[in-house]
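> Encoded as structure tokens, here's the structure I'll be asking about.
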Amino acid sequence: MLTTSSLHHDGKIDSACVMSSHPAATIVFDLDGTLVDTAPDLISALNFVLDREGLPPVPSGSARNMIGAGARKMIERGLEAEGRALTMAEIDRMTAEFIAYYAEHIADASRPFEGLESALDNLSAAGCRLAVCTNKLEWLSKRLLDQLGLSPRFAAICGADTFGVAKPDPAILKQTVARAGGELNATIMVGDAGTDIGVARRAGVPVIGVSFGYAEVPIVELKPDRLIHHMRDLPAAVGELNSR
């Protein structure tokens with residue numbers, strides 16, 4: 001178990017904080033807006049499909065808040081912003097076009113948030129298991145993390161299609177933890193949006209909110225157990241929650 005006494009002043013966690021009498025903590029991360037700033041490439045894909053429909057681009061500031069519920073929902077929100085209503089078949093076509101374009105440009109401008117890799121290093125050194133639970137499709141999630149060199153850090157990378165359910169359904173989080181080889185009673189969720197808070201609450205695990213993501217509602221209003229404003233603060237937040 002991680003304890004606050006095992007935290008160094010530089011935010012690192014001593015490896016001795018994982019006690020043999022307790023299961024190692026499993027830290028489960030959302031992807032878009034939590035691990036990686038994917039907004040530039042997602043917005044580019046959205047505006048690509050809107051342009052094909054003869055619609056103007058959605059401004060970056062507005063489009064950021066459309067991220068987090070999958071490609072189809074992002075398109076629906078983009079159409080709504082332009083005052084357009086299309087048939088289900090038309091949205092299906094646009095979603096397929098979005099995914100095809102996005103897959104080819106998935107890491108053109110997307111980058112890990114500042115301090116992420118150091119935070120992951122510290123958690124791994126402390127004996128934590130790391131996993132990803134996202135509403136992005138699994139193969140797109142793996143492609144993105146592969147291209148950024150992050151995939152080997154995670155014991156499991158699970159998307160909305162992995163188990164046939166999406167956040168905030170607790171089944172996706174529970175099964176992600178199981179696939180990672182962890183235990184639910186030693187799990188912490190980390191995310192930027194209401195779906196992340198919701199899945200954690202429904203699964204009965206604590207949750208750390210990040211303020212630098214894409215939530216429509218400010219994450220502080222959703223009352224996560226801890227709130228961080230930079231990834232360098234993540235190891236300390238994990239330590240505090242595991243000492244409770």
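Chain labels A, B, ... are given in the sequence in which chains occur in the structure tokens; within each chain residues are numbered consecutively from 1, and ligands are likewise numbered from 1 in the order shown.
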DSSP says alpha helix (DSSP H) for which residues of segment 25-225 of chain A? Put them as an MDAnalysis selection string?
chainID A and resid 39:52 60:64 71:81 88:104 116:125 138:147 170:180 194:203
> Skipping near chain neighbours, those fewer than 6 positions away, what residues fall within 9 Å of Ala171 of chain A using only C-alpha atoms, listed as JSON, numbers by chain?
{"A": [163, 165, 199, 203]}
> Give me the residues near Pro59 of chain A as number ranges by chain, where near means some atom within 12 Å (using only C-alpha atoms) and where sequence neighbours in that chain fewer than 3 positions away do not count.
A: 39-40, 43-44, 46-47, 56, 62-66, 78, 81-82
> Quick one: pull the distance between atom CA of Glu240 of chain A and atom CA of Thr187 of chain A, Å, one decimal.
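The value is 13.2 Å.
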> Pick the closest to Ala200 of chain A from A:Gly239, A:Lys73, A:Ile188, A:Pro152: which is it, counting only C-alpha atoms?
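Counting only C-alpha atoms, the residue closest to Ala200 of chain A is A:Ile188.
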> Please provide the set of residues having any atom within 9 Å of segment 121-137 of chain A, restricted to only C-alpha atoms, with same-chain residues fewer than 6 positions apart removed, written as JSON, numbers by chain.
{"A": [2, 11, 12, 13, 14, 15, 16, 17, 18, 24, 25, 26, 27, 28, 29, 30, 31, 32, 68, 69, 70, 71, 153, 154, 155, 156, 157, 158, 159, 160, 161, 162, 165, 166, 167, 172, 173, 176, 177, 179, 180, 181, 182, 189, 196, 234, 235, 238]}
> When you count only C-alpha atoms, which of these residues is closest to Glu183 of chain A: A:Arg201, A:Pro23, A:Asp92, A:Phe98?
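For Glu183 of chain A, the nearest of the candidates is A:Pro23.
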> Which is closest to Ala100 of chain A among A:Gly209, A:Met231, A:Val49, A:Gly33, if we use only C-alpha atoms?
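Of the candidates, the smallest distance to Ala100 of chain A is held by A:Val49.
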> Quick one: distance from atom CA of Gln175 of chain A to atom CA of Ala193 of chain A in Å, one decimal?
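A separation of 20.0 Å between them.
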> Choose the residue, out of A:Ile67, A:Ile219, A:Glu114, A:Val207, that has the smallest atom-to-atom separation from Gly194 of chain A; count only C-alpha atoms.
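Smallest distance to Gly194 of chain A is found for A:Ile219.
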> Would you please work out which residue, of A:Val210, A:Leu150, A:Leu55, A:Ala186, is nearest to Glu117 of chain A when using only C-alpha atoms?
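For Glu117 of chain A, the nearest of the candidates is A:Leu150.
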> Return the single residue from A:Ile197, A:Leu241, A:Pro206, A:Glu90 that is closest to Leu222 of chain A, with distances computed using only C-alpha atoms.
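Under the stated criterion, the closest residue is A:Ile197.
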> Based on the backbone DSSP call, show me all residues of segment 121-160 of chain A assigned strand (DSSP E or B), as a list of chain:residue names.
A:Arg129, A:Leu130, A:Ala131, A:Val132, A:Cys133, A:Ala156, A:Ile157, A:Cys158
